[in-house]
$ cat query30.txt   # compact mmCIF, C-alpha atoms
# COMPACT_ATOMS: atom_id res chain seq x y z
CA MET A 407 104.13 108.07 101.30
CA LYS A 408 101.57 108.46 98.55
CA VAL A 409 99.99 105.03 98.12
CA LEU A 410 97.44 103.73 95.63
CA VAL A 411 95.07 101.16 97.13
CA THR A 412 92.94 99.40 94.53
CA GLY A 413 89.69 97.79 95.66
CA ALA A 414 89.41 100.53 98.31
CA ALA A 415 85.67 100.02 98.75
CA GLY A 416 86.22 96.30 99.29
CA PHE A 417 86.70 94.39 102.52
CA ILE A 418 90.50 94.13 102.72
CA GLY A 419 91.12 97.24 100.63
CA SER A 420 89.10 99.57 102.85
CA ALA A 421 90.70 98.19 106.02
CA THR A 422 94.17 98.55 104.52
CA ALA A 423 93.48 102.12 103.44
CA GLN A 424 92.31 102.94 106.98
CA ARG A 425 95.51 101.55 108.44
CA LEU A 426 97.70 103.53 106.02
CA LEU A 427 95.80 106.72 106.80
CA ASP A 428 96.21 106.06 110.52
CA ARG A 429 99.97 106.19 110.09
CA ALA A 430 99.75 109.44 108.06
CA ASP A 431 100.23 108.10 104.53
CA GLU A 432 98.41 109.84 101.68
CA VAL A 433 96.02 107.35 100.08
CA VAL A 434 94.28 107.35 96.72
CA GLY A 435 91.61 104.66 96.75
CA LEU A 436 90.42 103.13 93.47
CA ASP A 437 87.26 101.10 92.99
CA ASN A 438 84.66 100.57 90.25
CA LEU A 439 81.84 99.95 92.78
CA ASN A 440 80.46 97.04 90.75
CA ASP A 441 77.33 95.20 91.81
CA TYR A 442 78.86 91.75 92.47
CA TYR A 443 77.47 92.29 95.97
CA ASP A 444 75.56 95.01 97.86
CA VAL A 445 76.86 98.36 96.57
CA SER A 446 75.50 100.16 99.65
CA LEU A 447 77.97 98.21 101.80
CA LYS A 448 80.82 99.28 99.53
CA LYS A 449 79.67 102.89 99.72
CA ALA A 450 79.44 102.68 103.52
CA ARG A 451 83.05 101.45 103.69
CA LEU A 452 84.06 104.20 101.31
CA ALA A 453 82.28 106.88 103.35
CA ARG A 454 84.46 106.06 106.34
CA LEU A 455 87.55 106.68 104.21
CA GLN A 456 86.20 109.84 102.58
CA SER A 457 85.88 111.46 106.01
CA ARG A 458 89.69 111.41 106.22
CA PRO A 459 91.51 114.47 104.80
CA SER A 460 94.41 112.45 103.36
CA PHE A 461 92.14 110.21 101.27
CA ARG A 462 90.95 110.74 97.70
CA PHE A 463 88.70 108.42 95.73
CA ALA A 464 89.13 107.44 92.06
CA HIS A 465 85.99 105.84 90.63
CA LEU A 466 87.64 103.76 87.92
CA ASP A 467 87.66 100.26 86.48
CA LEU A 468 90.97 98.40 86.57
CA ALA A 469 90.42 97.22 83.00
CA ASN A 470 90.19 100.82 81.71
CA ARG A 471 93.66 101.06 80.20
CA ASP A 472 93.59 104.77 79.35
CA GLY A 473 92.04 105.74 82.67
CA MET A 474 94.59 103.72 84.62
CA ALA A 475 97.48 105.17 82.63
CA ALA A 476 96.23 108.71 83.27
CA LEU A 477 95.81 108.08 87.00
CA PHE A 478 99.35 106.73 87.40
CA ALA A 479 100.84 109.55 85.33
CA GLN A 480 99.00 112.22 87.29
CA GLU A 481 99.52 110.91 90.83
CA LYS A 482 103.08 109.51 90.70
CA PHE A 483 102.46 106.96 93.45
CA GLU A 484 105.42 105.86 95.54
CA ARG A 485 103.90 102.46 96.30
CA VAL A 486 100.87 100.46 95.22
CA VAL A 487 98.71 97.98 97.13
CA HIS A 488 96.67 96.15 94.49
CA LEU A 489 93.71 94.51 96.24
CA GLY A 490 91.03 95.14 93.61
CA ALA A 491 89.79 92.05 91.78
CA GLN A 492 86.72 90.07 90.87
CA ALA A 493 86.42 87.87 93.94
CA GLY A 494 84.70 84.54 94.58
CA VAL A 495 85.65 81.01 93.62
CA ARG A 496 82.12 79.83 92.82
CA TYR A 497 81.10 82.88 90.78
CA SER A 498 84.05 82.27 88.44
CA LEU A 499 82.21 79.18 87.20
CA GLU A 500 79.25 81.35 86.17
CA ASN A 501 80.85 84.53 84.83
CA PRO A 502 84.40 83.77 83.71
CA ASP A 503 84.83 86.85 81.52
CA SER A 504 84.58 89.23 84.48
CA TYR A 505 87.59 87.46 86.03
CA ILE A 506 89.70 87.88 82.91
CA GLN A 507 88.86 91.57 82.65
CA SER A 508 89.31 92.49 86.32
CA ASN A 509 92.01 90.06 87.39
CA VAL A 510 94.15 89.64 84.29
CA VAL A 511 93.64 92.80 82.23
CA GLY A 512 93.40 94.84 85.43
CA MET A 513 96.69 93.40 86.74
CA MET A 514 98.35 94.18 83.40
CA ASN A 515 97.28 97.82 83.70
CA VAL A 516 98.57 98.03 87.27
CA LEU A 517 101.94 96.52 86.31
CA THR A 518 102.24 98.88 83.35
CA GLY A 519 101.42 101.89 85.51
CA CYS A 520 104.00 100.85 88.10
CA ARG A 521 106.69 100.27 85.48
CA GLN A 522 106.13 103.50 83.57
CA ASN A 523 105.99 105.68 86.68
CA ALA A 524 108.85 104.30 88.77
CA VAL A 525 106.71 102.87 91.58
CA ALA A 526 109.09 101.64 94.29
CA HIS A 527 107.08 98.56 95.33
CA LEU A 528 103.92 96.78 94.21
CA VAL A 529 102.16 94.56 96.76
CA TYR A 530 99.27 92.60 95.28
CA ALA A 531 96.64 90.13 96.44
CA SER A 532 96.99 86.51 95.47
CA SER A 533 95.04 83.69 97.10
CA SER A 534 95.38 80.38 98.91
CA SER A 535 93.23 78.97 96.11
CA VAL A 536 96.30 78.86 93.83
CA TYR A 537 97.37 75.67 95.65
CA GLY A 538 94.33 73.97 94.12
CA ALA A 539 94.73 70.21 93.87
CA GLY A 540 97.90 70.23 95.95
CA LYS A 541 97.61 68.04 99.06
CA LYS A 542 100.86 68.77 100.89
CA LEU A 543 100.02 70.68 104.10
CA PRO A 544 100.82 73.20 105.36
CA TYR A 545 100.96 75.05 102.05
CA SER A 546 104.38 76.55 101.40
CA VAL A 547 105.34 79.20 98.85
CA HIS A 548 108.43 77.12 98.18
CA GLU A 549 106.32 74.33 96.70
CA PRO A 550 104.85 74.55 93.17
CA ALA A 551 101.28 75.74 92.73
CA CYS A 552 100.57 74.35 89.29
CA HIS A 553 97.07 72.88 89.48
CA PRO A 554 94.37 75.47 90.25
CA VAL A 555 90.84 74.02 90.26
CA SER A 556 88.85 77.21 89.58
CA LEU A 557 89.22 80.05 87.09
CA TYR A 558 89.51 82.49 89.99
CA ALA A 559 92.55 80.57 91.25
CA ALA A 560 93.99 80.44 87.74
CA THR A 561 93.76 84.23 87.40
CA LYS A 562 95.50 84.70 90.75
CA ARG A 563 98.31 82.35 89.76
CA ALA A 564 98.53 84.25 86.47
CA ASN A 565 98.96 87.47 88.48
CA GLU A 566 101.96 85.97 90.25
CA LEU A 567 103.56 84.95 86.95
CA MET A 568 102.83 88.35 85.41
CA ALA A 569 104.40 90.09 88.40
CA HIS A 570 107.51 87.92 88.13
CA SER A 571 107.89 88.77 84.47
CA TYR A 572 107.89 92.50 85.30
CA SER A 573 110.24 92.03 88.23
CA SER A 574 112.59 90.10 85.97
CA ALA A 575 112.38 92.21 82.81
CA PHE A 576 112.11 95.67 84.33
CA GLY A 577 113.42 95.35 87.90
CA LEU A 578 110.00 96.26 89.37
CA PRO A 579 109.90 95.07 93.00
CA THR A 580 106.73 93.00 93.51
CA THR A 581 105.33 91.05 96.44
CA GLY A 582 102.37 88.69 96.18
CA LEU A 583 100.33 87.79 99.26
CA ARG A 584 98.36 84.55 99.21
CA PHE A 585 95.42 85.35 101.49
CA PHE A 586 93.80 82.59 103.53
CA THR A 587 90.03 82.94 104.30
CA VAL A 588 89.81 86.47 105.68
CA TYR A 589 86.90 87.33 107.99
CA GLY A 590 85.80 90.12 110.32
CA PRO A 591 83.72 93.33 110.52
CA TRP A 592 82.80 94.94 107.18
CA GLY A 593 83.29 91.56 105.45
CA ARG A 594 81.92 90.42 102.11
CA PRO A 595 78.27 89.23 101.98
CA ASP A 596 79.21 86.23 99.82
CA MET A 597 81.50 84.80 102.51
CA ALA A 598 80.37 82.02 104.84
CA LEU A 599 80.31 84.05 108.07
CA PHE A 600 78.03 86.68 106.52
CA LEU A 601 75.74 84.14 104.85
CA PHE A 602 75.48 82.01 107.98
CA SER A 603 74.77 84.96 110.29
CA ARG A 604 72.01 86.33 108.12
CA ALA A 605 70.35 82.93 107.68
CA ILE A 606 70.53 82.01 111.38
CA LEU A 607 69.07 85.36 112.47
CA ASP A 608 66.32 85.02 109.85
CA GLY A 609 65.50 81.50 111.03
CA ARG A 610 66.56 79.92 107.75
CA PRO A 611 68.76 76.81 107.35
CA ILE A 612 72.39 77.13 106.32
CA GLU A 613 74.07 75.12 103.58
CA VAL A 614 77.14 73.32 104.91
CA PHE A 615 79.35 71.97 102.14
CA ASN A 616 81.54 68.89 102.55
CA ASN A 617 79.32 68.11 105.56
CA GLY A 618 81.27 70.75 107.47
CA HIS A 619 84.43 68.65 107.64
CA HIS A 620 86.79 70.77 105.59
CA LYS A 621 89.22 73.02 107.42
CA ARG A 622 90.09 76.64 106.73
CA ASP A 623 92.89 78.87 107.93
CA PHE A 624 90.42 81.55 109.06
CA THR A 625 92.34 84.83 109.44
CA TYR A 626 91.04 87.97 111.14
CA ILE A 627 91.05 91.19 109.12
CA ASP A 628 93.28 93.15 111.53
CA ASP A 629 95.95 90.45 111.35
CA ILE A 630 95.77 90.49 107.55
CA VAL A 631 96.11 94.27 107.34
CA GLU A 632 99.07 94.29 109.70
CA GLY A 633 100.79 91.81 107.39
CA VAL A 634 99.96 93.82 104.27
CA VAL A 635 101.38 97.05 105.70
CA ARG A 636 104.51 95.38 107.07
CA THR A 637 105.10 93.80 103.68
CA LEU A 638 104.59 97.11 101.87
CA ASP A 639 107.43 98.58 103.92
CA LYS A 640 109.87 95.81 102.96
CA ILE A 641 110.94 96.09 99.36
CA PRO A 642 111.96 92.64 98.06
CA GLN A 643 115.51 92.02 96.93
CA PRO A 644 116.81 89.37 94.53
CA ASN A 645 117.62 86.08 96.25
CA PRO A 646 121.40 85.63 95.81
CA LYS A 647 121.04 81.90 96.42
CA TRP A 648 118.35 81.36 93.77
CA ASP A 649 119.30 78.44 91.57
CA SER A 650 117.83 78.05 88.09
CA ALA A 651 118.63 74.32 88.20
CA ASN A 652 116.47 73.96 91.31
CA PRO A 653 114.16 76.99 91.18
CA ASP A 654 112.43 78.20 94.34
CA PRO A 655 108.86 79.30 93.39
CA GLY A 656 108.64 81.76 96.29
CA THR A 657 111.71 83.85 95.46
CA SER A 658 113.75 84.78 92.40
CA SER A 659 116.93 86.24 91.01
CA ALA A 660 114.66 89.26 90.42
CA PRO A 661 113.16 91.54 93.14
CA PHE A 662 110.14 89.27 93.55
CA ARG A 663 108.59 87.59 96.58
CA LEU A 664 105.57 85.44 97.45
CA TYR A 665 104.18 84.98 100.96
CA ASN A 666 101.34 83.10 102.58
CA ILE A 667 99.31 85.30 104.92
CA GLY A 668 97.02 83.32 107.20
CA SER A 669 96.39 82.38 110.81
CA ASN A 670 98.61 79.26 110.61
CA HIS A 671 95.85 77.47 112.55
CA PRO A 672 93.22 75.65 110.44
CA ILE A 673 89.79 75.13 112.02
CA GLU A 674 87.03 72.76 110.90
CA LEU A 675 83.96 74.46 109.45
CA LEU A 676 81.68 72.82 112.03
CA ARG A 677 83.71 74.45 114.82
CA TYR A 678 83.47 77.80 113.02
CA ILE A 679 79.69 77.42 112.95
CA GLU A 680 79.63 76.42 116.62
CA VAL A 681 81.49 79.61 117.61
CA LEU A 682 79.10 81.68 115.49
CA GLU A 683 76.09 80.03 117.16
CA GLN A 684 77.51 80.90 120.58
CA CYS A 685 78.05 84.54 119.57
CA LEU A 686 74.57 84.85 118.04
CA GLY A 687 72.88 82.98 120.90
CA ARG A 688 71.04 80.79 118.39
CA LYS A 689 71.42 77.31 116.91
CA ALA A 690 71.70 76.79 113.18
CA GLU A 691 69.59 74.40 111.16
CA LYS A 692 72.09 72.74 108.85
CA ILE A 693 71.63 71.30 105.36
CA MET A 694 74.61 69.01 104.83
CA LEU A 695 75.92 68.97 101.25
CA PRO A 696 78.88 67.47 99.38
CA MET A 697 81.96 69.44 98.35
CA GLN A 698 81.23 72.16 95.81
CA SER A 699 82.90 72.27 92.41
CA GLY A 700 86.06 74.40 92.43
CA ASP A 701 86.51 74.10 96.21
CA VAL A 702 89.32 72.40 98.14
CA ALA A 703 89.12 70.25 101.27
CA ASP A 704 91.58 72.03 103.56
CA THR A 705 93.77 75.12 103.69
CA PHE A 706 96.70 75.60 106.03
CA ALA A 707 99.26 78.41 105.66
CA ASP A 708 102.92 78.10 106.45
CA VAL A 709 103.63 81.73 107.41
CA SER A 710 107.18 81.18 108.65
CA GLU A 711 108.68 83.26 105.81
CA LEU A 712 106.45 86.24 106.59
CA LEU A 713 107.30 85.95 110.27
CA ALA A 714 111.02 85.84 109.52
CA ASP A 715 111.01 88.70 107.02
CA VAL A 716 108.54 91.22 108.49
CA GLY A 717 107.64 89.90 111.95
CA TYR A 718 104.09 88.96 110.96
CA GLN A 719 102.35 87.02 113.71
CA PRO A 720 98.54 86.68 113.80
CA THR A 721 97.17 87.21 117.31
CA THR A 722 93.37 87.19 117.07
CA PRO A 723 91.61 84.06 118.43
CA LEU A 724 88.66 82.81 116.38
CA GLU A 725 86.24 83.39 119.27
CA HIS A 726 87.30 87.03 119.56
CA GLY A 727 87.20 87.65 115.82
CA VAL A 728 83.77 86.11 115.29
CA ARG A 729 82.40 88.08 118.27
CA ASN A 730 83.69 91.31 116.69
CA PHE A 731 82.01 90.40 113.42
CA VAL A 732 78.67 89.59 115.07
CA ASP A 733 78.69 92.86 117.04
CA TRP A 734 79.38 94.81 113.85
CA PHE A 735 76.79 92.84 111.86
CA ARG A 736 74.01 93.52 114.36
CA ASP A 737 74.87 97.22 114.61
CA TYR A 738 75.27 97.77 110.88
CA TYR A 739 71.98 96.19 109.89
CA ARG A 740 70.12 97.70 112.82
CA GLU A 741 71.19 101.13 111.55
CA ARG A 742 70.07 100.25 108.00
CA GLU A 743 66.65 99.18 109.29
CA ILE A 744 66.22 102.37 111.34
CA SER A 745 67.20 104.59 108.43
$ encode --input "query30.txt" --output "C-alpha cells"
Amino acid sequence: MKVLVTGAAGFIGSATAQRLLDRADEVVGLDNLNDYYDVSLKKARLARLQSRPSFRFAHLDLANRDGMAALFAQEKFERVVHLGAQAGVRYSLENPDSYIQSNVVGMMNVLTGCRQNAVAHLVYASSSSVYGAGKKLPYSVHEPACHPVSLYAATKRANELMAHSYSSAFGLPTTGLRFFTVYGPWGRPDMALFLFSRAILDGRPIEVFNNGHHKRDFTYIDDIVEGVVRTLDKIPQPNPKWDSANPDPGTSSAPFRLYNIGSNHPIELLRYIEVLEQCLGRKAEKIMLPMQSGDVADTFADVSELLADVGYQPTTPLEHGVRNFVDWFRDYYREREIS
C-alpha cells in the first residue's frame, strides 16, 4: 500500500514508518521538523528512513492547508497514519496556540485530504490524557471522556469528535488510538525516561512529581507500533448494535472506532526510576515535588477491545524495555560526542 505517515521524524511516527517499510509498503513521511525539542534527533530518525528506497519525505506543516491539499491530490494515498501533533501536556500550558494550529487545524487538513481523495482508512493518534479527571480504572473507551484537564488533552478529544463527524457525514473510516505513556529507543527528550537518564548520568538530581506515587501504563515502542499496524489493516465497520438512546462512546453507527493502546499493566513511577537506576548502574538523587498542573494521578488501559479485534497483546517487560532504551541512549550520545 501507499501510506502517509505524519510526524515521521517523531518518536512513534518514525518507528511506525520503519515497520511499514519492513513489510514492503510505500511510505511518504511528513514532518515540519519544528524545534519543540532537539531537531538533530528528529533528523537522525529521518536519516534512517531516507536510506530506504520505498520512503519519501515531505517537509510540510500540517496546518498548511494548500500544501496538505496538494500533497493528498498528488500522492493518492490508500491509507493514512496521522501521528504528527504538538506533543506535551505541560507545554500546552505555556504555548496553547501551537496546539490549536498543529492538533486542530492540522487534523482538519488531514480529514479533508482523506475525504477528498478517497482514503480507505485513517488511523490517528489520540491520548490517554483525554480521560482527564475521570477516576474509574482501568480506563475504557466505552466510558465517557468529557473532562480533560490540559489543552493538549482537549485537542486530542477534539480530534476524536472531528473524526467521528467525518465518519458519520462522509463515510470515512477512522480509528483513534489512545496512547498510554510510550517509551523506548529514539524516544522524546521531554519524556521522563530521557530526562531522568540524562540527569542521572550528569550527576544532577531528578524532579519526581507527586512524590513518585502516581502510576503509568508504560508501553514499549515496539508493542505500540505492532498495535498501530494491526489497526491500520482493520478497517472499522459501523456497529449494528449501536443505540442512540444509550450511546457507546467507543463505537458508532458510522465506520468509527476508538481503542486504548497500552501495556495494561500500570507501574508506580518510583519503580520505573528503580529499574532505570539498575540499568544505568547509578542511583538517582531525587527532588520530591507535588503533582504538576494538568497531570493525572494514574493511567491504566483496558486493551481488551484491541486484543479482541486485532490480536494486540503487549509482550515487552519494563526491565527489558528500559534496558533497550539505556543501551540506545548511551550509544547515540557517545556517537554525537565523538563526531
$ residues_near_point --input "query30.txt" --point "(78.5, 81.1, 109.0)" --cutoff "10 Å" --atoms "all atoms listed in the file" --output "list in words"
Met597, Ala598, Leu599, Phe600, Leu601, Phe602, Ser603, Arg604, Ala605, Ile606, Ile612, Glu613, Val614, Leu675, Leu676, Tyr678, Ile679, Glu680, Val681, Leu682, Glu683, Ala690 and Val728 of chain A
$ write_last_selection --input "query30.txt" --atoms "C-alpha atoms" --output "CSV table (one decimal), in the coordinates of the input"
chain,number,residue,atom,x,y,z
A,597,MET,CA,81.5,84.8,102.5
A,598,ALA,CA,80.4,82.0,104.8
A,599,LEU,CA,80.3,84.0,108.1
A,600,PHE,CA,78.0,86.7,106.5
A,601,LEU,CA,75.7,84.1,104.8
A,602,PHE,CA,75.5,82.0,108.0
A,603,SER,CA,74.8,85.0,110.3
A,604,ARG,CA,72.0,86.3,108.1
A,605,ALA,CA,70.4,82.9,107.7
A,606,ILE,CA,70.5,82.0,111.4
A,612,ILE,CA,72.4,77.1,106.3
A,613,GLU,CA,74.1,75.1,103.6
A,614,VAL,CA,77.1,73.3,104.9
A,675,LEU,CA,84.0,74.5,109.4
A,676,LEU,CA,81.7,72.8,112.0
A,678,TYR,CA,83.5,77.8,113.0
A,679,ILE,CA,79.7,77.4,113.0
A,680,GLU,CA,79.6,76.4,116.6
A,681,VAL,CA,81.5,79.6,117.6
A,682,LEU,CA,79.1,81.7,115.5
A,683,GLU,CA,76.1,80.0,117.2
A,690,ALA,CA,71.7,76.8,113.2
A,728,VAL,CA,83.8,86.1,115.3
$ residues_around --input "query30.txt" --residues "A:Ala475" --least-positions-apart "6" --cutoff "12 Å" --atoms "all atoms listed in the file" --output "PDB file with C-alpha atoms, in the coordinates of the input"
ATOM      1  CA  LEU A 466      87.640 103.760  87.920  1.00  0.00           C
ATOM      2  CA  ASP A 467      87.660 100.260  86.480  1.00  0.00           C
ATOM      3  CA  LEU A 468      90.970  98.400  86.570  1.00  0.00           C
ATOM      4  CA  ALA A 469      90.420  97.220  83.000  1.00  0.00           C
ATOM      5  CA  GLU A 481      99.520 110.910  90.830  1.00  0.00           C
ATOM      6  CA  LYS A 482     103.080 109.510  90.700  1.00  0.00           C
ATOM      7  CA  GLY A 512      93.400  94.840  85.430  1.00  0.00           C
ATOM      8  CA  MET A 514      98.350  94.180  83.400  1.00  0.00           C
ATOM      9  CA  ASN A 515      97.280  97.820  83.700  1.00  0.00           C
ATOM     10  CA  VAL A 516      98.570  98.030  87.270  1.00  0.00           C
ATOM     11  CA  LEU A 517     101.940  96.520  86.310  1.00  0.00           C
ATOM     12  CA  THR A 518     102.240  98.880  83.350  1.00  0.00           C
ATOM     13  CA  GLY A 519     101.420 101.890  85.510  1.00  0.00           C
ATOM     14  CA  CYS A 520     104.000 100.850  88.100  1.00  0.00           C
ATOM     15  CA  ARG A 521     106.690 100.270  85.480  1.00  0.00           C
ATOM     16  CA  GLN A 522     106.130 103.500  83.570  1.00  0.00           C
ATOM     17  CA  ASN A 523     105.990 105.680  86.680  1.00  0.00           C
TER      18      ASN A 523
END
$ atom_distance --input "query30.txt" --atom1 "atom CA of A:Asp472" --atom2 "atom CA of A:Glu432"
23.4 Å
$ closest_residue --input "query30.txt" --among "A:Asn470, A:Thr581, A:Ser699, A:Gln643" --to "A:Leu712" --atoms "only C-alpha atoms"
A:Thr581
$ residues_around --input "query30.txt" --residues "A:Asn509" --least-positions-apart "2" --cutoff "10 Å" --atoms "all atoms listed in the file" --output "number ranges by chain"
A: 468-469, 490-493, 503-507, 511-514, 558, 560-562, 564-565
$ closest_residue --input "query30.txt" --among "A:Leu426, A:Met407, A:Ala453, A:Ala415" --to "A:Asp441" --atoms "all atoms listed in the file"
A:Ala415
$ atom_distance --input "query30.txt" --atom1 "atom CA of A:Ile673" --atom2 "atom CA of A:Asp737"
26.8 Å
$ residues_around --input "query30.txt" --residues "A:Tyr739" --least-positions-apart "6" --cutoff "12 Å" --atoms "only C-alpha atoms" --output "list in words"
Ser446, Leu447, Ala450, Trp592, Phe600, Ser603, Arg604, Leu607, Val732, Asp733 and Ser745 of chain A
$ atom_distance --input "query30.txt" --atom1 "atom CA of A:Cys552" --atom2 "atom CA of A:Gly717"
28.4 Å
$ residues_around --input "query30.txt" --residues "A:His465" --least-positions-apart "6" --cutoff "6 Å" --atoms "only C-alpha atoms" --output "ChimeraX atom specification"
/A:436-438
$ closest_residue --input "query30.txt" --among "A:Asp431, A:Leu452, A:Lys621, A:Leu578" --to "A:Gly416" --atoms "only C-alpha atoms"
A:Leu452
$ closest_residue --input "query30.txt" --among "A:Thr412, A:Gln719, A:Thr422, A:Ser546" --to "A:Gly656" --atoms "only C-alpha atoms"
A:Ser546
$ closest_residue --input "query30.txt" --among "A:Pro672, A:Ile667, A:Leu410, A:Ser658" --to "A:Asn645" --atoms "all atoms listed in the file"
A:Ser658
$ closest_residue --input "query30.txt" --among "A:Thr625, A:Thr580, A:Ser571, A:Ser533" --to "A:Ala559" --atoms "all atoms listed in the file"
A:Ser533
$ residues_around --input "query30.txt" --residues "A:His671" --least-positions-apart "2" --cutoff "10 Å" --atoms "all atoms listed in the file" --output "PyMOL selection string"
chain A and resi 544+621-625+668-669+673+705-708+720+723-724
$ build_atoms --input "query30.txt" --residues "stretch 443-451 of chain A" --atoms "all heavy atoms" --output "PDB file, in the frame of the given file"
ATOM      1  N   TYR A 443      78.269  92.373  94.752  1.00  0.00           N
ATOM      2  CA  TYR A 443      77.470  92.290  95.970  1.00  0.00           C
ATOM      3  C   TYR A 443      77.008  93.694  96.343  1.00  0.00           C
ATOM      4  O   TYR A 443      77.360  94.683  95.678  1.00  0.00           O
ATOM      5  CB  TYR A 443      78.234  91.601  97.114  1.00  0.00           C
ATOM      6  CG  TYR A 443      79.488  92.276  97.599  1.00  0.00           C
ATOM      7  CD1 TYR A 443      79.438  93.354  98.470  1.00  0.00           C
ATOM      8  CD2 TYR A 443      80.747  91.807  97.226  1.00  0.00           C
ATOM      9  CE1 TYR A 443      80.591  93.968  98.938  1.00  0.00           C
ATOM     10  CE2 TYR A 443      81.903  92.416  97.694  1.00  0.00           C
ATOM     11  CZ  TYR A 443      81.815  93.490  98.553  1.00  0.00           C
ATOM     12  OH  TYR A 443      82.952  94.093  99.011  1.00  0.00           O
ATOM     13  N   ASP A 444      76.217  93.794  97.387  1.00  0.00           N
ATOM     14  CA  ASP A 444      75.560  95.010  97.860  1.00  0.00           C
ATOM     15  C   ASP A 444      76.437  96.270  97.737  1.00  0.00           C
ATOM     16  O   ASP A 444      77.393  96.456  98.489  1.00  0.00           O
ATOM     17  CB  ASP A 444      75.154  94.791  99.311  1.00  0.00           C
ATOM     18  CG  ASP A 444      74.378  95.959  99.898  1.00  0.00           C
ATOM     19  OD1 ASP A 444      73.997  96.872  99.134  1.00  0.00           O
ATOM     20  OD2 ASP A 444      74.153  95.953 101.116  1.00  0.00           O
ATOM     21  N   VAL A 445      76.079  97.145  96.796  1.00  0.00           N
ATOM     22  CA  VAL A 445      76.860  98.360  96.570  1.00  0.00           C
ATOM     23  C   VAL A 445      76.756  99.303  97.765  1.00  0.00           C
ATOM     24  O   VAL A 445      77.700 100.051  98.050  1.00  0.00           O
ATOM     25  CB  VAL A 445      76.395  99.060  95.283  1.00  0.00           C
ATOM     26  CG1 VAL A 445      77.147 100.375  95.073  1.00  0.00           C
ATOM     27  CG2 VAL A 445      76.610  98.142  94.074  1.00  0.00           C
ATOM     28  N   SER A 446      75.642  99.267  98.492  1.00  0.00           N
ATOM     29  CA  SER A 446      75.500 100.160  99.650  1.00  0.00           C
ATOM     30  C   SER A 446      76.539  99.841 100.726  1.00  0.00           C
ATOM     31  O   SER A 446      77.014 100.744 101.434  1.00  0.00           O
ATOM     32  CB  SER A 446      74.085 100.073 100.232  1.00  0.00           C
ATOM     33  OG  SER A 446      73.846  98.798 100.811  1.00  0.00           O
ATOM     34  N   LEU A 447      76.927  98.574 100.851  1.00  0.00           N
ATOM     35  CA  LEU A 447      77.970  98.210 101.800  1.00  0.00           C
ATOM     36  C   LEU A 447      79.314  98.775 101.347  1.00  0.00           C
ATOM     37  O   LEU A 447      80.089  99.305 102.158  1.00  0.00           O
ATOM     38  CB  LEU A 447      78.056  96.689 101.940  1.00  0.00           C
ATOM     39  CG  LEU A 447      79.176  96.130 102.837  1.00  0.00           C
ATOM     40  CD1 LEU A 447      79.062  96.666 104.258  1.00  0.00           C
ATOM     41  CD2 LEU A 447      79.148  94.599 102.841  1.00  0.00           C
ATOM     42  N   LYS A 448      79.592  98.701 100.052  1.00  0.00           N
ATOM     43  CA  LYS A 448      80.820  99.280  99.530  1.00  0.00           C
ATOM     44  C   LYS A 448      80.853 100.790  99.770  1.00  0.00           C
ATOM     45  O   LYS A 448      81.891 101.351 100.166  1.00  0.00           O
ATOM     46  CB  LYS A 448      80.951  98.983  98.033  1.00  0.00           C
ATOM     47  CG  LYS A 448      81.069  97.502  97.697  1.00  0.00           C
ATOM     48  CD  LYS A 448      81.241  97.283  96.203  1.00  0.00           C
ATOM     49  CE  LYS A 448      81.375  95.799  95.873  1.00  0.00           C
ATOM     50  NZ  LYS A 448      81.604  95.543  94.444  1.00  0.00           N
ATOM     51  N   LYS A 449      79.721 101.438  99.534  1.00  0.00           N
ATOM     52  CA  LYS A 449      79.670 102.890  99.720  1.00  0.00           C
ATOM     53  C   LYS A 449      79.807 103.261 101.205  1.00  0.00           C
ATOM     54  O   LYS A 449      80.383 104.309 101.533  1.00  0.00           O
ATOM     55  CB  LYS A 449      78.367 103.439  99.154  1.00  0.00           C
ATOM     56  CG  LYS A 449      78.322 103.395  97.632  1.00  0.00           C
ATOM     57  CD  LYS A 449      77.040 103.982  97.084  1.00  0.00           C
ATOM     58  CE  LYS A 449      77.059 104.019  95.566  1.00  0.00           C
ATOM     59  NZ  LYS A 449      75.782 104.573  95.011  1.00  0.00           N
ATOM     60  N   ALA A 450      79.302 102.413 102.083  1.00  0.00           N
ATOM     61  CA  ALA A 450      79.440 102.680 103.520  1.00  0.00           C
ATOM     62  C   ALA A 450      80.906 102.559 103.947  1.00  0.00           C
ATOM     63  O   ALA A 450      81.402 103.365 104.743  1.00  0.00           O
ATOM     64  CB  ALA A 450      78.575 101.710 104.320  1.00  0.00           C
ATOM     65  N   ARG A 451      81.609 101.560 103.416  1.00  0.00           N
ATOM     66  CA  ARG A 451      83.050 101.450 103.690  1.00  0.00           C
ATOM     67  C   ARG A 451      83.780 102.680 103.172  1.00  0.00           C
ATOM     68  O   ARG A 451      84.645 103.253 103.838  1.00  0.00           O
ATOM     69  CB  ARG A 451      83.627 100.198 103.022  1.00  0.00           C
ATOM     70  CG  ARG A 451      83.124  98.857 103.518  1.00  0.00           C
ATOM     71  CD  ARG A 451      83.965  97.761 102.861  1.00  0.00           C
ATOM     72  NE  ARG A 451      83.450  96.412 103.033  1.00  0.00           N
ATOM     73  CZ  ARG A 451      83.068  95.620 102.040  1.00  0.00           C
ATOM     74  NH1 ARG A 451      83.123  96.054 100.789  1.00  0.00           N
ATOM     75  NH2 ARG A 451      82.635  94.395 102.286  1.00  0.00           N
TER      76      ARG A 451
END
